[in-house]
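Colleague: One file is attached below, coords.pdb, containing PDB, C-alpha atoms.
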```pdb
ATOM      1  CA  MET Z1040      86.371  37.125-114.109
ATOM      2  CA  PRO Z1041      86.178  40.719-112.855
ATOM      3  CA  ARG Z1042      82.980  42.378-114.021
ATOM      4  CA  LEU Z1043      82.310  45.875-115.395
ATOM      5  CA  ARG Z1044      79.633  47.183-113.049
ATOM      6  CA  HIS Z1045      80.046  50.965-112.680
ATOM      7  CA  PHE Z1046      80.168  54.068-114.888
ATOM      8  CA  ALA Z1047      80.300  57.644-113.572
ATOM      9  CA  ILE Z1048      79.527  60.967-115.230
ATOM     10  CA  CYS Z1049      79.753  64.560-113.994
ATOM     11  CA  VAL Z1050      76.493  66.471-114.382
ATOM     12  CA  SER Z1051      75.234  69.983-113.672
ATOM     13  CA  ASP Z1052      72.133  69.022-111.675
ATOM     14  CA  LEU Z1053      71.960  65.646-109.907
ATOM     15  CA  ASP Z1054      68.177  65.492-109.624
ATOM     16  CA  LYS Z1055      67.584  66.618-113.205
ATOM     17  CA  SER Z1056      70.005  64.003-114.566
ATOM     18  CA  ALA Z1057      68.519  61.279-112.368
ATOM     19  CA  LYS Z1058      65.079  62.126-113.775
ATOM     20  CA  PHE Z1059      66.450  62.075-117.350
ATOM     21  CA  TYR Z1060      67.969  58.583-117.117
ATOM     22  CA  GLY Z1061      65.019  57.332-115.114
ATOM     23  CA  ASP Z1062      62.409  58.663-117.536
ATOM     24  CA  VAL Z1063      64.250  57.602-120.704
ATOM     25  CA  PHE Z1064      65.605  54.169-119.742
ATOM     26  CA  GLY Z1065      63.666  53.225-116.613
ATOM     27  CA  MET Z1066      66.772  53.217-114.407
ATOM     28  CA  LYS Z1067      66.056  53.227-110.679
ATOM     29  CA  ARG Z1068      67.347  55.863-108.289
ATOM     30  CA  HIS Z1069      68.995  54.062-105.364
ATOM     31  CA  GLY Z1070      70.091  56.977-103.222
ATOM     32  CA  ARG Z1071      72.249  60.025-102.754
ATOM     33  CA  GLU Z1072      75.606  60.385-101.037
ATOM     34  CA  ASP Z1073      77.222  63.626 -99.873
ATOM     35  CA  LEU Z1074      80.951  63.505 -99.122
ATOM     36  CA  SER Z1075      83.690  66.051 -98.593
ATOM     37  CA  ILE Z1076      84.812  65.665-102.238
ATOM     38  CA  GLY Z1077      81.315  66.090-103.643
ATOM     39  CA  SER Z1078      77.888  64.537-104.059
ATOM     40  CA  ALA Z1079      76.519  61.611-106.046
ATOM     41  CA  VAL Z1080      73.188  60.115-107.014
ATOM     42  CA  TYR Z1081      73.296  56.395-107.807
ATOM     43  CA  MET Z1082      71.158  54.893-110.568
ATOM     44  CA  GLY Z1083      70.881  51.212-111.477
ATOM     45  CA  ASP Z1084      69.604  49.033-114.313
ATOM     46  CA  GLY Z1085      70.004  45.792-112.353
ATOM     47  CA  THR Z1086      73.453  45.086-113.788
ATOM     48  CA  ILE Z1087      75.306  48.415-114.087
ATOM     49  CA  ASN Z1088      75.499  51.261-111.577
ATOM     50  CA  LEU Z1089      75.457  54.743-113.121
ATOM     51  CA  ALA Z1090      76.832  57.354-110.722
ATOM     52  CA  LEU Z1091      75.908  60.988-111.337
ATOM     53  CA  LEU Z1092      78.534  63.247-109.778
ATOM     54  CA  ASN Z1093      79.076  66.823-108.622
ATOM     55  CA  PHE Z1094      82.655  67.390-107.410
ATOM     56  CA  VAL Z1095      83.727  70.179-105.071
ATOM     57  CA  GLY Z1096      87.178  71.129-103.852
ATOM     58  CA  THR Z1097      90.428  69.753-105.205
ATOM     59  CA  GLU Z1098      90.349  66.046-104.244
ATOM     60  CA  GLY Z1099      89.079  62.904-105.930
ATOM     61  CA  HIS Z1100      89.480  64.034-109.532
ATOM     62  CA  ASP Z1101      91.922  65.468-112.077
ATOM     63  CA  PHE Z1102      90.286  68.872-112.501
ATOM     64  CA  GLY Z1103      92.778  70.805-110.376
ATOM     65  CA  ASP Z1104      91.034  73.633-108.560
ATOM     66  CA  LYS Z1105      88.207  73.799-111.112
ATOM     67  CA  ALA Z1106      86.024  70.866-110.106
ATOM     68  CA  GLU Z1107      82.717  72.718-109.974
ATOM     69  CA  GLY Z1108      80.870  72.865-113.274
ATOM     70  CA  GLN Z1109      82.658  69.920-114.885
ATOM     71  CA  ILE Z1110      80.483  67.883-117.248
ATOM     72  CA  GLY Z1111      81.048  64.497-118.895
ATOM     73  CA  PRO Z1112      82.200  60.902-118.325
ATOM     74  CA  ASN Z1113      84.582  60.603-115.373
ATOM     75  CA  HIS Z1114      85.507  56.985-114.531
ATOM     76  CA  PHE Z1115      84.313  53.388-114.489
ATOM     77  CA  GLY Z1116      84.622  50.387-112.179
ATOM     78  CA  PHE Z1117      85.209  46.641-111.950
ATOM     79  CA  GLN Z1118      83.830  44.325-109.276
ATOM     80  CA  VAL Z1119      86.599  41.871-108.336
ATOM     81  CA  ASP Z1120      86.957  38.847-106.079
ATOM     82  CA  SER Z1121      90.147  40.040-104.392
ATOM     83  CA  MET Z1122      91.185  43.679-104.137
ATOM     84  CA  LYS Z1123      94.627  42.673-102.879
ATOM     85  CA  GLU Z1124      95.367  40.342-105.798
ATOM     86  CA  THR Z1125      93.900  42.756-108.337
ATOM     87  CA  GLN Z1126      95.922  45.655-106.969
ATOM     88  CA  ALA Z1127      99.099  43.604-107.383
ATOM     89  CA  LEU Z1128      98.199  42.905-111.025
ATOM     90  CA  ILE Z1129      97.370  46.552-111.674
ATOM     91  CA  GLU Z1130     100.689  47.751-110.305
ATOM     92  CA  GLN Z1131     102.677  45.010-112.058
ATOM     93  CA  ASN Z1132     101.200  46.162-115.373
ATOM     94  CA  GLY Z1133     101.784  49.882-115.080
ATOM     95  CA  GLY Z1134      98.731  51.090-113.186
ATOM     96  CA  ARG Z1135      98.996  53.042-109.953
ATOM     97  CA  PHE Z1136      96.967  53.575-106.797
ATOM     98  CA  PHE Z1137      94.970  56.832-106.608
ATOM     99  CA  PHE Z1138      92.956  56.768-103.354
ATOM    100  CA  ASP Z1139      90.332  54.885-101.317
ATOM    101  CA  LEU Z1140      86.735  56.087-101.197
ATOM    102  CA  GLY Z1141      83.779  55.110 -99.053
ATOM    103  CA  ASP Z1142      83.056  53.165 -95.922
ATOM    104  CA  GLU Z1143      82.884  49.369 -95.872
ATOM    105  CA  ARG Z1144      80.292  49.538 -93.091
ATOM    106  CA  LYS Z1145      77.954  51.262 -95.564
ATOM    107  CA  GLY Z1146      78.772  48.765 -98.285
ATOM    108  CA  ASN Z1147      80.111  51.317-100.768
ATOM    109  CA  PHE Z1148      83.888  51.033-100.458
ATOM    110  CA  GLU Z1149      86.011  51.276-103.617
ATOM    111  CA  ARG Z1150      89.719  51.603-104.359
ATOM    112  CA  LYS Z1151      90.652  54.000-107.152
ATOM    113  CA  PHE Z1152      93.545  53.595-109.590
ATOM    114  CA  LYS Z1153      94.921  55.147-112.761
ATOM    115  CA  ASP Z1154      95.791  52.980-115.748
ATOM    116  CA  PRO Z1155      99.036  53.479-117.734
ATOM    117  CA  GLU Z1156      97.535  56.496-119.549
ATOM    118  CA  GLY Z1157      96.147  58.036-116.362
ATOM    119  CA  ILE Z1158      92.511  56.985-116.873
ATOM    120  CA  ILE Z1159      90.771  56.626-113.508
ATOM    121  CA  PHE Z1160      88.982  53.370-112.657
ATOM    122  CA  ASP Z1161      87.689  51.742-109.472
ATOM    123  CA  ILE Z1162      87.791  48.233-108.082
ATOM    124  CA  SER Z1163      85.374  46.952-105.453
ATOM    125  CA  GLU Z1164      84.767  43.579-103.823
ATOM    126  CA  ASN Z1165      81.316  44.466-102.513
ATOM    127  CA  GLY Z1166      80.116  45.967-105.786
ATOM    128  CA  TRP Z1167      77.791  48.894-106.406
ATOM    129  CA  VAL Z1168      74.179  49.482-105.473
ATOM    130  CA  GLY Z1169      71.694  48.678-108.232
ATOM    131  CA  THR Z1170      73.742  45.779-109.637
ATOM    132  CA  ASP Z1171      73.158  42.038-109.609
ATOM    133  CA  GLY Z1172      76.636  41.280-108.239
ATOM    134  CA  ARG Z1173      76.212  43.354-105.090
ATOM    135  CA  LYS Z1174      77.330  41.661-101.844
ATOM    136  CA  ILE Z1175      75.369  43.160 -99.010
ATOM    137  CA  LYS Z1176      77.826  43.501 -96.139
ATOM    138  CA  SER Z1177      76.796  46.885 -94.831
ATOM    139  CA  ASP Z1178      75.936  47.405 -91.194
ATOM    140  CA  PRO Z1179      72.193  48.265 -91.106
ATOM    141  CA  ALA Z1180      72.980  51.080 -88.685
ATOM    142  CA  HIS Z1181      75.085  52.764 -91.364
ATOM    143  CA  ALA Z1182      73.351  51.714 -94.592
ATOM    144  CA  PHE Z1183      71.530  54.475 -96.459
ATOM    145  CA  LEU Z1184      70.850  53.100 -99.957
ATOM    146  CA  ASP Z1185      67.840  51.324-101.427
ATOM    147  CA  GLU Z1186      69.244  47.899-102.314
ATOM    148  CA  VAL Z1187      66.150  46.558-104.132
ATOM    149  CA  LEU Z1188      66.917  46.050-107.840
ATOM    150  CA  VAL Z1189      64.756  47.515-110.567
ATOM    151  CA  THR Z1190      62.342  45.040-112.149
ATOM    152  CA  PRO Z1191      63.102  44.109-115.780
ATOM    153  CA  GLU Z1192      59.585  45.198-116.740
ATOM    154  CA  ALA Z1193      60.351  48.760-115.627
ATOM    155  CA  LEU Z1194      63.348  49.079-117.927
ATOM    156  CA  SER Z1195      63.361  50.332-121.501
ATOM    157  CA  GLY Z1196      67.156  50.183-121.834
ATOM    158  CA  ARG Z1197      70.241  48.670-120.201
ATOM    159  CA  ILE Z1198      73.856  49.859-120.215
ATOM    160  CA  LYS Z1199      75.833  47.391-122.332
ATOM    161  CA  HIS Z1200      78.738  49.489-123.604
ATOM    162  CA  PHE Z1201      81.503  51.703-122.199
ATOM    163  CA  ALA Z1202      84.009  53.552-124.378
ATOM    164  CA  LEU Z1203      87.406  55.009-123.458
ATOM    165  CA  THR Z1204      89.556  57.358-125.525
ATOM    166  CA  VAL Z1205      93.154  56.099-125.503
ATOM    167  CA  LYS Z1206      96.459  57.053-127.107
ATOM    168  CA  GLN Z1207      97.909  53.552-127.471
ATOM    169  CA  LEU Z1208      95.314  50.981-128.475
ATOM    170  CA  GLU Z1209      97.417  47.830-128.172
ATOM    171  CA  LYS Z1210      99.069  48.737-124.863
ATOM    172  CA  GLN Z1211      95.776  49.715-123.257
ATOM    173  CA  SER Z1212      94.094  46.592-124.606
ATOM    174  CA  GLU Z1213      96.872  44.448-123.158
ATOM    175  CA  PHE Z1214      96.500  46.157-119.774
ATOM    176  CA  TYR Z1215      92.758  45.452-119.470
ATOM    177  CA  GLN Z1216      93.091  41.919-120.805
ATOM    178  CA  THR Z1217      95.956  41.050-118.459
ATOM    179  CA  VAL Z1218      94.593  42.687-115.303
ATOM    180  CA  PHE Z1219      90.870  41.970-115.662
ATOM    181  CA  GLY Z1220      90.773  39.021-118.042
ATOM    182  CA  LEU Z1221      88.661  40.815-120.627
ATOM    183  CA  LYS Z1222      88.228  38.981-123.914
ATOM    184  CA  PHE Z1223      89.680  40.532-127.078
ATOM    185  CA  LEU Z1224      86.951  40.785-129.731
ATOM    186  CA  GLY Z1225      88.739  42.560-132.563
ATOM    187  CA  TYR Z1226      89.477  45.846-134.296
ATOM    188  CA  ASP Z1227      87.241  48.351-136.026
ATOM    189  CA  HIS Z1228      88.756  50.909-138.398
ATOM    190  CA  GLN Z1229      86.658  53.898-139.392
ATOM    191  CA  PRO Z1230      87.474  57.269-141.039
ATOM    192  CA  MET Z1231      87.078  58.984-137.656
ATOM    193  CA  GLY Z1232      89.437  56.578-135.876
ATOM    194  CA  SER Z1233      90.144  53.007-134.806
ATOM    195  CA  ALA Z1234      88.887  50.909-131.915
ATOM    196  CA  ILE Z1235      89.603  47.666-130.101
ATOM    197  CA  TYR Z1236      86.610  45.909-128.545
ATOM    198  CA  LEU Z1237      86.877  43.956-125.300
ATOM    199  CA  SER Z1238      84.249  42.187-123.199
ATOM    200  CA  ASP Z1239      83.625  40.659-119.781
ATOM    201  CA  GLY Z1240      80.850  38.552-121.314
ATOM    202  CA  VAL Z1241      78.100  40.960-120.287
ATOM    203  CA  THR Z1242      79.374  44.435-121.166
ATOM    204  CA  ASN Z1243      81.379  45.677-124.144
ATOM    205  CA  LEU Z1244      84.407  47.928-123.497
ATOM    206  CA  ALA Z1245      85.576  49.904-126.525
ATOM    207  CA  LEU Z1246      89.030  51.474-126.600
ATOM    208  CA  ILE Z1247      88.951  54.311-129.131
ATOM    209  CA  HIS Z1248      91.884  56.020-130.845
ATOM    210  CA  PRO Z1249      90.619  59.095-132.722
ATOM    211  CA  ASN Z1250      92.062  59.958-136.115
ATOM    212  CA  LYS Z1251      93.725  63.189-134.997
ATOM    213  CA  PRO Z1252      97.201  64.397-133.984
ATOM    214  CA  GLU Z1253      98.560  62.638-130.887
ATOM    215  CA  ASN Z1254      98.916  65.904-128.977
ATOM    216  CA  GLU Z1255      95.177  66.532-129.379
ATOM    217  CA  ILE Z1256      94.082  63.175-127.943
ATOM    218  CA  VAL Z1257      92.957  63.295-124.307
ATOM    219  CA  SER Z1258      92.779  59.888-122.605
ATOM    220  CA  GLY Z1259      89.677  59.170-120.559
ATOM    221  CA  PRO Z1260      86.132  57.794-120.484
ATOM    222  CA  ASN Z1261      84.221  58.849-123.584
ATOM    223  CA  HIS Z1262      80.634  57.590-123.454
ATOM    224  CA  CYS Z1263      78.328  54.709-122.532
ATOM    225  CA  GLY Z1264      75.677  52.889-124.537
ATOM    226  CA  PHE Z1265      72.190  51.553-123.814
ATOM    227  CA  GLN Z1266      70.640  48.568-125.575
ATOM    228  CA  VAL Z1267      66.953  49.289-126.137
ATOM    229  CA  THR Z1268      64.023  47.338-127.550
ATOM    230  CA  ASP Z1269      62.538  50.188-129.588
ATOM    231  CA  LEU Z1270      64.787  52.835-131.140
ATOM    232  CA  LYS Z1271      61.946  55.107-132.259
ATOM    233  CA  ALA Z1272      60.162  55.074-128.905
ATOM    234  CA  THR Z1273      63.424  55.693-127.047
ATOM    235  CA  GLU Z1274      64.301  58.587-129.333
ATOM    236  CA  GLY Z1275      60.919  60.118-128.519
ATOM    237  CA  LYS Z1276      61.624  59.816-124.785
ATOM    238  CA  ILE Z1277      65.067  61.374-125.219
ATOM    239  CA  ASP Z1278      63.610  64.351-127.089
ATOM    240  CA  SER Z1279      60.856  64.797-124.503
ATOM    241  CA  ALA Z1280      63.393  64.697-121.658
ATOM    242  CA  GLY Z1281      65.606  67.389-123.198
ATOM    243  CA  GLY Z1282      68.188  65.304-125.030
ATOM    244  CA  LYS Z1283      69.056  65.697-128.692
ATOM    245  CA  PHE Z1284      70.246  63.593-131.611
ATOM    246  CA  PHE Z1285      73.999  63.701-132.320
ATOM    247  CA  PHE Z1286      74.751  61.326-135.233
ATOM    248  CA  ASP Z1287      74.409  57.759-136.501
ATOM    249  CA  PHE Z1288      77.410  55.464-136.470
ATOM    250  CA  GLY Z1289      77.995  52.091-138.133
ATOM    251  CA  ASP Z1290      76.011  49.885-140.485
ATOM    252  CA  ALA Z1291      72.845  48.147-139.310
ATOM    253  CA  LYS Z1292      73.317  45.391-141.897
ATOM    254  CA  HIS Z1293      76.601  44.381-140.300
ATOM    255  CA  GLY Z1294      75.448  44.453-136.695
ATOM    256  CA  ASN Z1295      77.363  47.472-135.433
ATOM    257  CA  PHE Z1296      74.849  50.290-135.780
ATOM    258  CA  GLU Z1297      74.309  52.770-132.974
ATOM    259  CA  ARG Z1298      72.535  56.100-132.753
ATOM    260  CA  LYS Z1299      74.302  58.763-130.705
ATOM    261  CA  PHE Z1300      72.603  61.408-128.582
ATOM    262  CA  LYS Z1301      73.482  64.094-126.072
ATOM    263  CA  ASP Z1302      71.597  64.520-122.821
ATOM    264  CA  HIS Z1303      70.525  67.935-121.519
ATOM    265  CA  ASP Z1304      74.096  68.554-120.254
ATOM    266  CA  GLY Z1305      75.661  67.577-123.572
ATOM    267  CA  VAL Z1306      76.900  64.205-122.272
ATOM    268  CA  VAL Z1307      77.131  61.751-125.195
ATOM    269  CA  PHE Z1308      75.508  58.301-125.049
ATOM    270  CA  ASP Z1309      74.532  55.659-127.592
ATOM    271  CA  ILE Z1310      71.389  53.641-128.114
ATOM    272  CA  SER Z1311      71.323  50.394-130.078
ATOM    273  CA  LYS Z1312      68.662  47.778-130.698
ATOM    274  CA  HIS Z1313      71.019  44.922-131.564
ATOM    275  CA  GLY Z1314      73.520  45.766-128.823
ATOM    276  CA  TRP Z1315      77.277  45.313-128.867
ATOM    277  CA  THR Z1316      79.429  42.332-129.714
ATOM    278  CA  GLY Z1317      80.698  40.297-126.778
ATOM    279  CA  THR Z1318      77.656  40.970-124.604
ATOM    280  CA  ASP Z1319      75.100  38.454-123.344
ATOM    281  CA  SER Z1320      72.236  40.217-125.153
ATOM    282  CA  TYR Z1321      73.864  40.908-128.519
ATOM    283  CA  ILE Z1322      71.585  40.267-131.510
ATOM    284  CA  GLU Z1323      73.765  38.936-134.301
ATOM    285  CA  GLN Z1324      72.985  40.383-137.733
ATOM    286  CA  LYS Z1325      73.099  37.455-140.176
ATOM    287  CA  HIS Z1326      71.515  39.576-142.861
ATOM    288  CA  GLU Z1327      69.004  42.385-142.964
ATOM    289  CA  ASP Z1328      65.929  40.306-142.172
ATOM    290  CA  GLU Z1329      67.356  37.514-139.999
ATOM    291  CA  LYS Z1330      68.440  38.148-136.413
ATOM    292  CA  THR Z1331      69.439  35.610-133.784
ATOM    293  CA  LEU Z1332      70.685  36.026-130.242
ATOM    294  CA  ALA Z1333      74.387  35.406-129.907
ATOM    295  CA  PRO Z1334      75.386  35.248-126.231
ATOM    296  CA  ALA Z1335      79.019  35.913-125.422
ATOM    297  CA  LYS Z1336      81.132  32.785-125.035
TER     298      LYS Z1336
END
```
What is this file in structure tokens?

Modeller:
Amino acid sequence: MPRLRHFAICVSDLDKSAKFYGDVFGMKRHGREDLSIGSAVYMGDGTINLALLNFVGTEGHDFGDKAEGQIGPNHFGFQVDSMKETQALIEQNGGRFFFDLGDERKGNFERKFKDPEGIIFDISENGWVGTDGRKIKSDPAHAFLDEVLVTPEALSGRIKHFALTVKQLEKQSEFYQTVFGLKFLGYDHQPMGSAIYLSDGVTNLALIHPNKPENEIVSGPNHCGFQVTDLKATEGKIDSAGGKFFFDFGDAKHGNFERKFKDHDGVVFDISKHGWTGTDSYIEQKHEDEKTLAPAK
């Protein structure tokens, strides 16, 4: 099965954001890349690559001529076994090619697409630095990234959840199930909107349809979530690093509780102790005082 291995956000200061996610969650900084379309710092938790981006110019994004100063989630990526076969599936199901990025000699090549609603995502055979699925094919003469994974002991949180805002829940769910084989986990209906949850067995992908007029819904990546061992300690680190509490969402007794924060740029992210359904580290809530691990099947 293709694997969710990459999430990218636009930030105001690459080094400041790298320090924030390193200090709060123990993510490792694997290197910086400067290209004609902009710059990136790559962070890793051993499974997911978090790319921090600064775009310049008019290419590689959907910001028109106003790329500089953009803040917020930008795209996500799947590691696949065959780019050729996956591209055929994407195009057969309404997705379309965007552009190629990177250099296979450096081991960071990815092919970018847009899904039926125009949401940008990447596919890569080699994978991303800082992940456990990385295939090291780069020519040492051209490699520039630290490929050593972070040790589990250094981490205080792992990315286990991506969320996309979509206009058509069922159609988008069908696209990601058909193209990438994601497992359908179910619906969640809340006053603020509805969601469909999907999973690759390790990471939860939530498709969110806000409860607002259709013409006010903007499709795109919305946030990511970290599973942590200690909510209180993590909240203290977030506050110390310049983040701030946003709001609580869900019901801890029913295993879907998450606490939402904003980083120093205002980028939204979740933290959760029990994790998200469909992941390999989800802690099933049988009742308030009894918790058992429930790996994805």

Colleague: When the PyMOL selection byres ((chain Z and resi 1178) around 8) is applied to the structure above, which residues does it catch, written out as a list in words?

Modeller: Arg1144, Lys1145, Gly1146, Lys1176, Ser1177, Pro1179, Ala1180, His1181 and Ala1182 of chain Z

Colleague: Show me, as a tab-separated table, the residues of stretch 1091-1163 of chain Z having an atom within 10 Å of stretch 1059-1073 of chain Z, each with the closest atom pair and its distance in Å, using only C-alpha atoms.

Modeller:
```
residue	atom	partner	partner_atom	distance
Z:Leu1091	CA	Z:Arg1071	CA	9.4
Z:Leu1092	CA	Z:Glu1072	CA	9.7
Z:Asn1093	CA	Z:Asp1073	CA	9.5
Z:Gly1141	CA	Z:Glu1072	CA	9.9
```

Colleague: Write out as a list of chain:residue names which residues come within 8 Å of Z:Asn1088 when counting only C-alpha atoms, dropping same-chain ones fewer than 6 positions away.

Modeller: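 Surrounding residues, per the criterion: Z:Arg1044, Z:His1045, Z:Phe1046, Z:Tyr1081, Z:Met1082, Z:Trp1167, Z:Val1168, Z:Gly1169, Z:Thr1170.
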
Colleague: May I have the protein, DNA and RNA residues with an atom at most 10 Å from (92.0, 63.6, -131.9), counting only C-alpha atoms in the file's coordinates, returned as a PyMOL selection string?

Modeller: chain Z and resi 1204-1206+1231-1232+1248-1257

Colleague: If we count only C-alpha atoms, what is near stretch 1106-1120 of chain Z at a cut-off of 9 Å, once residues fewer than 5 positions away on the same chain are taken out, given as a PyMOL selection string?

Modeller: chain Z and resi 1040-1051+1092-1098+1100-1101+1125+1149+1151+1158-1167+1172-1173+1201+1219+1259-1263+1304-1307

Colleague: Determine the residue set returned by the PyMOL selection byres ((chain Z and resi 1319) around 12) for the present structure, and present it as an MDAnalysis selection string.

Modeller: chainID Z and resid 1086 1197:1200 1238:1243 1266 1313:1318 1320:1323 1332:1336

Colleague: Let me have the centre and edge lengths in Å, one decimal, of the box along x, y and z around every listed atom of stretch 1136-1140 of chain Z with 5 Å of margin on each side, as lines of an AutoDock Vina configuration file.

Modeller:
```
center_x = 91.9
center_y = 55.2
center_z = -104.0
size_x = 20.2
size_y = 13.3
size_z = 15.6
```

Colleague: Apply the PyMOL selection byres ((chain Z and resi 1132) around 12) to the displayed file and report the matching residues as an MDAnalysis selection string.

Modeller: chainID Z and resid 1125:1131 1133:1135 1153:1156 1210:1219

Colleague: What is the distance between atom CA of Z:His1303 and atom CA of Z:Thr1273, in Å to one decimal?

Modeller: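 Atom-to-atom, atom CA of Z:His1303 and atom CA of Z:Thr1273 are spaced 15.2 Å apart.
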
Colleague: Just how far from atom CA of Z:Ser1258 is atom CA of Z:Leu1203, in Å to one decimal?

Modeller: 7.3 Å

Colleague: Separation of atom CA of Z:Ala1079 and atom CA of Z:Glu1186, in Å?

Modeller: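 Atom CA of Z:Glu1186 lies 16.0 Å from atom CA of Z:Ala1079.
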
Colleague: With distances taken over only C-alpha atoms, which residue among Z:Phe1102, Z:Phe1148, Z:Phe1300, Z:Phe1183 lies nearest Z:Lys1276?

Modeller: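 Counting only C-alpha atoms, the residue closest to Z:Lys1276 is Z:Phe1300.
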
Colleague: Neighbours of Z:Ile1310 within 7 Å (all atoms listed in the file; same-chain residues fewer than 3 positions away dropped), as an MDAnalysis selection string?

Modeller: chainID Z and resid 1264:1267 1297:1299

Colleague: Here is a test: counting all atoms listed in the file, which residue of Z:Asp1302, Z:Lys1105, Z:Ile1235, Z:Thr1190 is nearest to Z:Ala1280?

Modeller: Z:Asp1302

Colleague: Can you work out which one of Z:Ile1175, Z:Lys1123, Z:Leu1221, Z:Glu1192 has the shortest atom-to-atom distance to Z:Glu1143, counting all atoms listed in the file?

Modeller: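 Of all the options, Z:Ile1175 lies closest to Z:Glu1143.
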